[in-house]
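Chemist: Okay, here's the structure, questions in a sec.
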Amino acid sequence: MTSIDRISGLSPLSPAGAGASSDARGAAIETLGEIGHRVLAWVDAAGRGNGSGAQAWNQTAGNGSGFAPDMGELARRGDVYGLGELTRDLSARFGASPAQEGALRRALDDFTRAAVIQVAGLSGASGDQQVSGVRAALDSASRADAPTGLDGVIARFEAATADLSAQNRS
């Protein structure tokens with residue numbers, strides 16, 4: 001079975017910020033799920049998706065935060081995925097040092113970039129196929145051997161990014 005055909009065994013997640021988890025594993029998984037929602041929202045807004053990927057992702061990650069793409073932010077070349085907001089939320093929740101906050105932002109950026117390549121590259125496929133790679137990365141992050149605290153969140157993002165990057169190369 002390839003990662004494209006694989007269905008995640010993870011139960012649905014709660015959106016970031018809503019009853020947000022204070023343990024590294026839970027916080028990482030919730031945030032990975034929210035980024036998945038945001039990536040799919042942009043893919044659909046760009047007209048490259050038919051919404052089936054978002055529906056399939058909702059089955060994995062539950063409902064998102066209600067994020068909507070902002071074309072004005074895109075025109076300004078700003079933070080179109082709202083990663084700054086997610087970084088600030090996690091940093092405050094875990095009492096991050098400036099170095100940890102920078103490492104977290106880089107980890108979120110790297111994961112988001114890999115997820116966009118994965119999802120946009122499969123935008124014409126069925127919803128399950130479109131999000132299966134991100135599901136596999138979510139599973140990888142949930143099983144990653146990682147420390148506690150924000151360093152554990154960062155390590156889980158790095159594990160998910162490594163999984164997606166490997167898929168994107170093959």
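In the structure tokens, the first chain shown is A, the next is B, and so on; residue numbers restart at 1 for each chain, and ligands run from 1 in the order shown.
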If we count only C-alpha atoms, what is near Ser91 of chain A at a cut-off of 10 Å, once residues fewer than 3 positions away on the same chain are taken out, given as a PyMOL selection string?
Modeler: chain A and resi 85-88+94-98+100-102+104-105+150
Chemist: Write out, as JSON lines, each residue of segment 50-158 of chain A that has an atom at most 8 Å from segment 23-42 of chain A, together with the closest pair of atoms and their distance in Å to one decimal, counting only C-alpha atoms, rows going by chain and rising number.
Modeler:
{"residue": "A:Gly53", "atom": "CA", "partner": "A:Leu40", "partner_atom": "CA", "distance": 6.9}
{"residue": "A:Ala54", "atom": "CA", "partner": "A:Leu40", "partner_atom": "CA", "distance": 5.8}
{"residue": "A:Trp57", "atom": "CA", "partner": "A:His37", "partner_atom": "CA", "distance": 7.2}
{"residue": "A:Asn58", "atom": "CA", "partner": "A:His37", "partner_atom": "CA", "distance": 7.9}
{"residue": "A:Ala61", "atom": "CA", "partner": "A:Gly33", "partner_atom": "CA", "distance": 5.4}
{"residue": "A:Gly64", "atom": "CA", "partner": "A:Glu34", "partner_atom": "CA", "distance": 5.8}
{"residue": "A:Ser65", "atom": "CA", "partner": "A:Glu34", "partner_atom": "CA", "distance": 7.1}
{"residue": "A:Phe67", "atom": "CA", "partner": "A:Arg38", "partner_atom": "CA", "distance": 6.4}
{"residue": "A:Ala68", "atom": "CA", "partner": "A:Ala41", "partner_atom": "CA", "distance": 6.7}
{"residue": "A:Pro69", "atom": "CA", "partner": "A:Trp42", "partner_atom": "CA", "distance": 5.9}
{"residue": "A:Tyr81", "atom": "CA", "partner": "A:Arg38", "partner_atom": "CA", "distance": 6.1}
{"residue": "A:Leu86", "atom": "CA", "partner": "A:Thr31", "partner_atom": "CA", "distance": 7.5}
{"residue": "A:Leu90", "atom": "CA", "partner": "A:Ala27", "partner_atom": "CA", "distance": 7.7}
{"residue": "A:Thr112", "atom": "CA", "partner": "A:Ile35", "partner_atom": "CA", "distance": 6.8}
{"residue": "A:Ala115", "atom": "CA", "partner": "A:Val39", "partner_atom": "CA", "distance": 7.2}
{"residue": "A:Val116", "atom": "CA", "partner": "A:Val39", "partner_atom": "CA", "distance": 6.1}
{"residue": "A:Val119", "atom": "CA", "partner": "A:Leu40", "partner_atom": "CA", "distance": 7.2}
{"residue": "A:Val134", "atom": "CA", "partner": "A:Gly36", "partner_atom": "CA", "distance": 7.5}
{"residue": "A:Leu138", "atom": "CA", "partner": "A:Ile29", "partner_atom": "CA", "distance": 6.8}
{"residue": "A:Ala141", "atom": "CA", "partner": "A:Ile29", "partner_atom": "CA", "distance": 7.2}
{"residue": "A:Ser142", "atom": "CA", "partner": "A:Arg25", "partner_atom": "CA", "distance": 6.4}
{"residue": "A:Pro147", "atom": "CA", "partner": "A:Ala24", "partner_atom": "CA", "distance": 7.9}
{"residue": "A:Thr148", "atom": "CA", "partner": "A:Ala24", "partner_atom": "CA", "distance": 5.6}
{"residue": "A:Gly149", "atom": "CA", "partner": "A:Ala24", "partner_atom": "CA", "distance": 5.3}
{"residue": "A:Leu150", "atom": "CA", "partner": "A:Ala24", "partner_atom": "CA", "distance": 6.3}
{"residue": "A:Asp151", "atom": "CA", "partner": "A:Ala24", "partner_atom": "CA", "distance": 7.9}
{"residue": "A:Gly152", "atom": "CA", "partner": "A:Ala24", "partner_atom": "CA", "distance": 5.3}
{"residue": "A:Val153", "atom": "CA", "partner": "A:Ala24", "partner_atom": "CA", "distance": 4.9}
{"residue": "A:Ile154", "atom": "CA", "partner": "A:Ala28", "partner_atom": "CA", "distance": 7.7}
{"residue": "A:Arg156", "atom": "CA", "partner": "A:Ala28", "partner_atom": "CA", "distance": 6.4}
{"residue": "A:Phe157", "atom": "CA", "partner": "A:Ala28", "partner_atom": "CA", "distance": 6.8}
Chemist: In terms of the shortest atom-to-atom distance over only C-alpha atoms, which of A:Ala125, A:Gln118, A:Asp145, A:Asp44 is closest to Ala166 of chain A?
Modeler: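 Closest candidate: A:Gln118.
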Chemist: Could you jot down the atom CA of Ala160 of chain A to atom CA of Leu83 of chain A separation for me, Å, one decimal place?
Modeler: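 Computing the Euclidean distance for atom CA of Ala160 of chain A and atom CA of Leu83 of chain A yields 16.2 Å.
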Chemist: What's around segment 161-164 of chain A at 6 Å? Count only C-alpha atoms, leave out sequence neighbours fewer than 3 positions away in its own chain, and write the answer as a short mmCIF file (atom, residue, chain, number, x, y, z; two decimals) with C-alpha atoms, in the first residue's frame.
Modeler:
data_model
loop_
_atom_site.label_atom_id
_atom_site.label_comp_id
_atom_site.auth_asym_id
_atom_site.auth_seq_id
_atom_site.Cartn_x
_atom_site.Cartn_y
_atom_site.Cartn_z
CA PHE A 111 6.10 21.97 6.64
CA ALA A 114 6.08 20.72 1.61
CA ALA A 137 3.03 13.01 7.54
CA GLU A 158 10.47 18.38 11.36
CA GLN A 167 7.14 11.74 -0.74
#
